[in-house]
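File shown: start-v7.txt (compact mmCIF, C-alpha atoms).
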```
# COMPACT_ATOMS: atom_id res chain seq x y z
CA MET A 1 92.39 108.13 112.07
CA LYS A 2 93.16 111.70 110.99
CA CYS A 3 93.93 113.33 107.67
CA ARG A 4 97.70 113.70 107.23
CA VAL A 5 97.23 117.20 105.83
CA CYS A 6 94.47 118.95 107.79
CA LYS A 7 94.19 116.59 110.82
CA GLY A 8 90.41 116.40 110.28
CA PRO A 9 88.58 113.04 110.26
CA ALA A 10 90.03 110.72 107.58
CA VAL A 11 87.82 108.78 105.15
CA ILE A 12 90.51 106.66 103.52
CA ASP A 13 93.68 104.95 104.65
CA VAL A 14 96.39 104.69 101.96
CA ARG A 15 98.68 102.10 103.48
CA ARG A 16 101.38 102.12 100.83
CA HIS A 17 101.88 105.82 101.57
CA ASN A 18 101.44 105.22 105.29
CA ALA A 19 98.87 108.01 105.32
CA ALA A 20 95.18 108.72 105.74
CA PHE A 21 93.25 111.56 104.09
CA CYS A 22 89.95 113.42 104.29
CA LYS A 23 87.89 113.55 101.09
CA ASP A 24 89.32 116.83 99.76
CA HIS A 25 92.93 116.00 100.51
CA PHE A 26 92.56 112.48 99.06
CA VAL A 27 91.41 114.02 95.76
CA HIS A 28 94.40 116.38 95.91
CA HIS A 29 96.69 113.42 96.68
CA CYS A 30 95.39 111.56 93.59
CA ASP A 31 95.94 114.65 91.42
CA GLU A 32 99.50 114.93 92.70
CA GLN A 33 100.23 111.24 92.07
CA VAL A 34 99.10 111.60 88.44
CA ARG A 35 101.01 114.86 87.98
CA ARG A 36 104.22 113.30 89.35
CA ALA A 37 103.85 110.14 87.24
CA ILE A 38 103.37 112.21 84.06
CA HIS A 39 106.40 114.32 84.93
CA SER A 40 108.74 111.51 86.03
CA HIS A 41 107.93 109.32 83.01
CA ARG A 42 107.84 112.33 80.66
CA MET A 43 104.47 111.30 79.31
CA LEU A 44 103.03 114.69 78.39
CA GLU A 45 104.04 118.32 78.05
CA PRO A 46 102.11 120.90 80.09
CA GLY A 47 98.83 121.81 78.40
CA GLU A 48 99.24 119.15 75.70
CA ARG A 49 96.15 117.68 73.97
CA VAL A 50 95.25 114.21 75.21
CA LEU A 51 92.75 111.60 74.05
CA VAL A 52 91.56 109.46 76.96
CA ALA A 53 89.99 106.09 76.16
CA VAL A 54 87.09 105.78 78.60
CA SER A 55 84.96 102.74 79.36
CA GLY A 56 82.36 104.46 81.52
CA GLY A 57 83.84 102.88 84.65
CA LYS A 58 85.16 104.83 87.60
CA ASP A 59 88.87 104.39 86.82
CA SER A 60 88.97 105.83 83.31
CA LEU A 61 86.45 108.58 84.12
CA ALA A 62 88.46 109.57 87.20
CA LEU A 63 91.65 109.76 85.13
CA TRP A 64 89.91 111.95 82.53
CA ASP A 65 88.67 114.23 85.33
CA ILE A 66 92.14 114.49 86.86
CA LEU A 67 93.84 115.26 83.52
CA VAL A 68 91.38 118.10 82.87
CA ARG A 69 91.93 119.41 86.39
CA LEU A 70 95.70 119.32 85.81
CA GLY A 71 95.21 121.60 82.80
CA TYR A 72 95.41 119.18 79.88
CA GLU A 73 93.10 119.54 76.90
CA ALA A 74 91.79 116.03 77.42
CA ASP A 75 88.99 114.72 75.21
CA GLY A 76 87.28 111.34 75.66
CA LEU A 77 87.09 108.36 73.31
CA TYR A 78 84.33 105.85 73.95
CA LEU A 79 84.11 102.55 72.10
CA GLY A 80 80.58 101.09 71.92
CA LEU A 81 81.29 97.36 72.22
CA GLY A 82 77.72 96.17 71.71
CA ILE A 83 77.69 94.05 74.86
CA GLY A 84 73.95 94.34 75.53
CA ASP A 85 72.73 96.43 78.44
CA TYR A 86 76.27 96.71 79.80
CA SER A 87 77.46 98.79 76.83
CA ASP A 88 74.25 100.85 76.77
CA GLU A 89 74.64 101.70 80.45
CA SER A 90 78.36 102.47 80.10
CA GLY A 91 77.57 104.84 77.22
CA VAL A 92 74.94 106.68 79.27
CA TYR A 93 77.41 107.18 82.14
CA THR A 94 80.16 108.34 79.79
CA ARG A 95 78.00 110.88 77.90
CA ALA A 96 76.66 112.32 81.16
CA PHE A 97 80.19 112.58 82.54
CA ALA A 98 81.51 114.30 79.40
CA GLU A 99 78.71 116.85 79.59
CA GLN A 100 79.40 117.50 83.27
CA LEU A 101 83.12 117.85 82.52
CA GLY A 102 82.45 120.15 79.57
CA ARG A 103 84.82 118.20 77.28
CA PRO A 104 84.19 116.64 73.85
CA LEU A 105 83.48 112.90 73.67
CA ILE A 106 84.30 111.01 70.48
CA GLU A 107 82.19 107.87 70.08
CA VAL A 108 82.97 104.86 67.92
CA ASP A 109 80.22 102.27 67.67
CA LEU A 110 81.60 98.89 66.59
CA ALA A 111 78.27 97.62 65.20
CA ALA A 112 77.57 100.76 63.16
CA ASP A 113 81.15 101.59 62.14
CA GLN A 114 82.72 98.13 61.76
CA GLY A 115 79.71 95.86 61.27
CA TYR A 116 80.21 93.63 64.30
CA THR A 117 79.87 93.64 68.08
CA ILE A 118 82.30 92.16 70.60
CA PRO A 119 80.00 89.18 71.38
CA GLU A 120 79.81 88.47 67.63
CA ALA A 121 83.60 88.78 67.28
CA ALA A 122 84.07 86.46 70.26
CA ALA A 123 81.77 83.84 68.73
CA ALA A 124 83.42 84.11 65.30
CA THR A 125 86.95 83.78 66.70
CA ARG A 126 85.98 81.28 69.44
CA ARG A 127 87.70 83.45 72.00
CA ALA A 128 86.63 85.03 75.26
CA PRO A 129 85.17 88.55 74.73
CA CYS A 130 88.27 90.11 76.38
CA GLY A 131 90.56 88.44 73.81
CA ALA A 132 88.39 88.77 70.72
CA MET B 1 74.49 95.08 111.90
CA LYS B 2 73.71 94.44 108.27
CA VAL B 3 76.73 94.02 106.02
CA LEU B 4 76.28 94.11 102.25
CA LEU B 5 78.99 92.23 100.34
CA ARG B 6 79.62 91.83 96.60
CA ASN B 7 80.83 89.03 94.35
CA PRO B 8 78.48 87.40 95.02
CA LYS B 9 76.08 90.05 96.24
CA ARG B 10 74.77 89.07 99.67
CA GLU B 11 73.70 90.53 103.00
CA VAL B 12 75.15 89.14 106.21
CA GLU B 13 74.22 89.88 109.81
CA VAL B 14 77.22 90.61 112.08
CA GLU B 15 77.12 91.38 115.77
CA GLY B 16 78.54 94.77 116.78
CA PRO B 17 80.22 96.82 117.96
CA ILE B 18 83.20 95.82 115.86
CA THR B 19 86.07 97.70 114.22
CA VAL B 20 86.30 97.86 110.43
CA HIS B 21 89.63 96.06 110.70
CA ALA B 22 88.07 93.14 112.61
CA LEU B 23 85.08 93.06 110.26
CA LEU B 24 87.36 92.67 107.24
CA GLN B 25 89.32 89.94 109.03
CA ARG B 26 86.07 88.09 109.68
CA PHE B 27 85.38 87.95 105.95
CA GLU B 28 89.07 87.28 105.16
CA LEU B 29 89.24 90.42 103.04
CA ILE B 30 92.48 92.29 102.32
CA PRO B 31 91.94 95.90 103.48
CA GLU B 32 93.56 97.45 100.36
CA THR B 33 91.12 95.64 98.07
CA VAL B 34 87.87 97.06 99.44
CA LEU B 35 86.12 100.27 100.44
CA VAL B 36 83.98 100.19 103.57
CA ILE B 37 80.95 102.46 103.43
CA VAL B 38 78.60 103.36 106.29
CA GLY B 39 75.56 105.31 105.06
CA ASP B 40 77.14 107.50 102.37
CA GLU B 41 80.48 107.85 104.15
CA LEU B 42 83.77 106.03 103.66
CA VAL B 43 85.27 104.82 106.93
CA THR B 44 88.84 103.98 107.88
CA HIS B 45 89.98 100.69 109.38
CA ASP B 46 90.21 101.92 112.95
CA ARG B 47 86.56 103.01 113.08
CA LYS B 48 84.37 101.11 115.54
CA LEU B 49 80.98 100.33 114.04
CA PRO B 50 77.89 100.21 116.28
CA ASP B 51 75.55 97.23 116.21
CA ASP B 52 72.86 99.21 114.35
CA ALA B 53 75.20 100.31 111.52
CA SER B 54 74.37 99.51 107.92
CA VAL B 55 77.63 98.68 106.19
CA GLU B 56 78.61 98.06 102.59
CA ILE B 57 81.92 96.45 101.61
CA ARG B 58 82.68 97.26 97.99
CA PRO B 59 85.64 95.91 95.99
CA VAL B 60 87.87 98.66 94.55
CA ILE B 61 88.33 96.71 91.32
CA SER B 62 85.32 96.43 89.06
CA GLY B 63 84.50 96.22 85.40
CA GLY B 64 83.41 93.90 82.64
CA SER B 65 79.92 92.73 81.85
CA GLY B 66 79.70 90.05 84.52
CA GLY B 67 77.12 91.95 86.55
CA SER B 68 77.26 95.00 88.78
CA THR B 69 79.96 95.06 91.44
```
Let me see the structure of the file written as structure tokens.
Amino acid sequence: MKCRVCKGPAVIDVRRHNAAFCKDHFVHHCDEQVRRAIHSHRMLEPGERVLVAVSGGKDSLALWDILVRLGYEADGLYLGLGIGDYSDESGVYTRAFAEQLGRPLIEVDLAADQGYTIPEAAAATRRAPCGA
Amino acid sequence: MKVLLRNPKREVEVEGPITVHALLQRFELIPETVLVIVGDELVTHDRKLPDDASVEIRPVISGGSGGST
């Protein structure tokens, strides 16, 4: 399978676009998809300031990266949920990513700022953590 | 070949050579829902994998605190 753009070896097959891409052209394809979505849904003006809520996972960090690359003044917002090692690890990833990106990261720690963690809120409300 | 799968995490031995497409069919996986990695390289569904390949099949959707995916 070959890259639709450069005809070099493809690393990913995007079936819904009936296309395959090499690494560099896949990244460019993702940038273009985000740029078009912002434009067609009139989400943001060029160069506008944006606050991106990031979890530390690949999806939100990738979006933050793309928005910066597209020229937006995008800062990160990370919510420390207090879910044990999971939250600690997510925070480490997010801080390292912000530093690499060279953009400010605003952190809100639920335990320190609000006096409860998500597991505590889930127990108090008798709900699953996602719905607490 | 050794195939590393997630959810649950397990390692399965599969006889090669086999295409990525056929490998995914064997595990009843929908191609759009996973990335197939050989070494540190992503591979497309038409790639034929040799018997000595070390393959990882990683779901594209992850998150939550239910363990690493």
Next on the checklist: Using all atoms listed in the file and a cut-off of 7 Å, which residues of chain A sit close to chain B? Please list them as a ChimeraX atom specification.
Outcome noted: /A:1,10-13,57,86
Item to check | Surrounding residues of A:Asp88 excluding itself and chain neighbours under 4 positions, 12 Å, only C-alpha atoms, as a PyMOL selection string | outcome: (chain A and resi 55-56+78-84+92-95+109) or (chain B and resi 65)
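As for atom CA of B:Phe27 and atom CA of B:Arg6, they are spaced 11.6 Å apart.
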9 Å contact set for B:Pro50, all atoms listed in the file, chain neighbours under 6 positions out, as a PDB file with C-alpha atoms, in the coordinates of the input:
```pdb
ATOM      1  CA  MET B   1      74.490  95.080 111.900  1.00  0.00           C
ATOM      2  CA  GLU B  15      77.120  91.380 115.770  1.00  0.00           C
ATOM      3  CA  GLY B  16      78.540  94.770 116.780  1.00  0.00           C
ATOM      4  CA  PRO B  17      80.220  96.820 117.960  1.00  0.00           C
ATOM      5  CA  ILE B  18      83.200  95.820 115.860  1.00  0.00           C
ATOM      6  CA  THR B  19      86.070  97.700 114.220  1.00  0.00           C
TER       7      THR B  19
END
```
Can I get a file of stretch 80-109 of chain A from the given structure, N, CA, C and O atoms kept, as an mmCIF file, in the first residue's frame?
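Output (part_17.cif):
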```cif
data_model
loop_
_atom_site.group_PDB
_atom_site.id
_atom_site.type_symbol
_atom_site.label_atom_id
_atom_site.label_comp_id
_atom_site.auth_asym_id
_atom_site.auth_seq_id
_atom_site.Cartn_x
_atom_site.Cartn_y
_atom_site.Cartn_z
ATOM 1 N N GLY A 80 -6.864 17.509 37.832
ATOM 2 C CA GLY A 80 -6.379 16.376 38.630
ATOM 3 C C GLY A 80 -7.554 15.717 39.334
ATOM 4 O O GLY A 80 -8.149 16.295 40.238
ATOM 5 N N LEU A 81 -7.928 14.525 38.898
ATOM 6 C CA LEU A 81 -9.149 13.879 39.376
ATOM 7 C C LEU A 81 -8.952 13.107 40.678
ATOM 8 O O LEU A 81 -9.920 12.732 41.321
ATOM 9 N N GLY A 82 -7.692 12.847 41.014
ATOM 10 C CA GLY A 82 -7.416 12.109 42.255
ATOM 11 C C GLY A 82 -7.736 10.634 42.155
ATOM 12 O O GLY A 82 -8.059 10.001 43.163
ATOM 13 N N ILE A 83 -7.633 10.088 40.938
ATOM 14 C CA ILE A 83 -7.893 8.645 40.766
ATOM 15 C C ILE A 83 -6.552 7.903 40.866
ATOM 16 O O ILE A 83 -6.018 7.415 39.868
ATOM 17 N N GLY A 84 -6.007 7.856 42.042
ATOM 18 C CA GLY A 84 -4.787 7.086 42.335
ATOM 19 C C GLY A 84 -3.652 7.293 41.352
ATOM 20 O O GLY A 84 -3.407 8.415 40.899
ATOM 21 N N ASP A 85 -2.974 6.185 41.039
ATOM 22 C CA ASP A 85 -1.808 6.240 40.151
ATOM 23 C C ASP A 85 -2.180 6.718 38.756
ATOM 24 O O ASP A 85 -1.371 7.325 38.065
ATOM 25 N N TYR A 86 -3.428 6.453 38.348
ATOM 26 C CA TYR A 86 -3.875 6.835 37.005
ATOM 27 C C TYR A 86 -3.773 8.353 36.816
ATOM 28 O O TYR A 86 -3.235 8.839 35.824
ATOM 29 N N SER A 87 -4.277 9.099 37.821
ATOM 30 C CA SER A 87 -4.226 10.564 37.714
ATOM 31 C C SER A 87 -2.796 11.071 37.811
ATOM 32 O O SER A 87 -2.408 12.003 37.111
ATOM 33 N N ASP A 88 -1.997 10.442 38.705
ATOM 34 C CA ASP A 88 -0.602 10.871 38.846
ATOM 35 C C ASP A 88 0.132 10.703 37.519
ATOM 36 O O ASP A 88 0.850 11.599 37.069
ATOM 37 N N GLU A 89 -0.068 9.566 36.895
ATOM 38 C CA GLU A 89 0.618 9.267 35.631
ATOM 39 C C GLU A 89 0.135 10.200 34.518
ATOM 40 O O GLU A 89 0.932 10.717 33.735
ATOM 41 N N SER A 90 -1.166 10.444 34.469
ATOM 42 C CA SER A 90 -1.721 11.346 33.454
ATOM 43 C C SER A 90 -1.137 12.746 33.612
ATOM 44 O O SER A 90 -0.830 13.418 32.622
ATOM 45 N N GLY A 91 -0.990 13.190 34.854
ATOM 46 C CA GLY A 91 -0.422 14.515 35.130
ATOM 47 C C GLY A 91 1.019 14.620 34.660
ATOM 48 O O GLY A 91 1.424 15.628 34.079
ATOM 49 N N VAL A 92 1.787 13.555 34.896
ATOM 50 C CA VAL A 92 3.205 13.542 34.477
ATOM 51 C C VAL A 92 3.295 13.675 32.957
ATOM 52 O O VAL A 92 4.061 14.482 32.422
ATOM 53 N N TYR A 93 2.473 12.888 32.247
ATOM 54 C CA TYR A 93 2.467 12.951 30.778
ATOM 55 C C TYR A 93 2.096 14.356 30.298
ATOM 56 O O TYR A 93 2.697 14.902 29.381
ATOM 57 N N THR A 94 1.066 14.919 30.921
ATOM 58 C CA THR A 94 0.553 16.217 30.470
ATOM 59 C C THR A 94 1.581 17.328 30.687
ATOM 60 O O THR A 94 1.803 18.165 29.809
ATOM 61 N N ARG A 95 2.217 17.346 31.875
ATOM 62 C CA ARG A 95 3.235 18.379 32.155
ATOM 63 C C ARG A 95 4.415 18.262 31.188
ATOM 64 O O ARG A 95 4.904 19.266 30.675
ATOM 65 N N ALA A 96 4.852 17.031 30.949
ATOM 66 C CA ALA A 96 5.982 16.821 30.024
ATOM 67 C C ALA A 96 5.606 17.281 28.615
ATOM 68 O O ALA A 96 6.412 17.905 27.911
ATOM 69 N N PHE A 97 4.370 17.016 28.228
ATOM 70 C CA PHE A 97 3.919 17.395 26.885
ATOM 71 C C PHE A 97 3.835 18.915 26.752
ATOM 72 O O PHE A 97 4.238 19.481 25.731
ATOM 73 N N ALA A 98 3.314 19.573 27.786
ATOM 74 C CA ALA A 98 3.193 21.034 27.772
ATOM 75 C C ALA A 98 4.574 21.679 27.637
ATOM 76 O O ALA A 98 4.766 22.645 26.884
ATOM 77 N N GLU A 99 5.541 21.117 28.348
ATOM 78 C CA GLU A 99 6.899 21.659 28.304
ATOM 79 C C GLU A 99 7.489 21.491 26.902
ATOM 80 O O GLU A 99 8.091 22.404 26.345
ATOM 81 N N GLN A 100 7.272 20.312 26.339
ATOM 82 C CA GLN A 100 7.773 20.028 24.992
ATOM 83 C C GLN A 100 7.115 20.954 23.961
ATOM 84 O O GLN A 100 7.748 21.408 23.018
ATOM 85 N N LEU A 101 5.833 21.228 24.178
ATOM 86 C CA LEU A 101 5.072 22.071 23.253
ATOM 87 C C LEU A 101 5.407 23.553 23.444
ATOM 88 O O LEU A 101 5.217 24.362 22.533
ATOM 89 N N GLY A 102 5.895 23.883 24.645
ATOM 90 C CA GLY A 102 6.216 25.280 24.940
ATOM 91 C C GLY A 102 4.982 26.135 25.167
ATOM 92 O O GLY A 102 4.973 27.328 24.868
ATOM 93 N N ARG A 103 3.905 25.504 25.687
ATOM 94 C CA ARG A 103 2.659 26.240 25.955
ATOM 95 C C ARG A 103 2.297 26.118 27.434
ATOM 96 O O ARG A 103 2.591 25.100 28.067
ATOM 97 N N PRO A 104 1.623 27.163 27.980
ATOM 98 C CA PRO A 104 1.229 27.110 29.389
ATOM 99 C C PRO A 104 0.204 26.004 29.666
ATOM 100 O O PRO A 104 -0.654 25.725 28.827
ATOM 101 N N LEU A 105 0.336 25.410 30.851
ATOM 102 C CA LEU A 105 -0.636 24.406 31.309
ATOM 103 C C LEU A 105 -1.237 24.907 32.622
ATOM 104 O O LEU A 105 -0.524 25.155 33.590
ATOM 105 N N ILE A 106 -2.554 25.056 32.631
ATOM 106 C CA ILE A 106 -3.267 25.425 33.863
ATOM 107 C C ILE A 106 -3.708 24.125 34.529
ATOM 108 O O ILE A 106 -4.282 23.252 33.867
ATOM 109 N N GLU A 107 -3.407 23.996 35.814
ATOM 110 C CA GLU A 107 -3.795 22.774 36.529
ATOM 111 C C GLU A 107 -4.811 23.076 37.621
ATOM 112 O O GLU A 107 -4.650 24.035 38.372
ATOM 113 N N VAL A 108 -5.844 22.274 37.676
ATOM 114 C CA VAL A 108 -6.820 22.350 38.765
ATOM 115 C C VAL A 108 -6.808 20.985 39.456
ATOM 116 O O VAL A 108 -6.992 19.955 38.795
ATOM 117 N N ASP A 109 -6.524 20.997 40.757
ATOM 118 C CA ASP A 109 -6.494 19.744 41.496
ATOM 119 C C ASP A 109 -7.758 19.654 42.352
ATOM 120 O O ASP A 109 -7.968 20.472 43.250
#
```
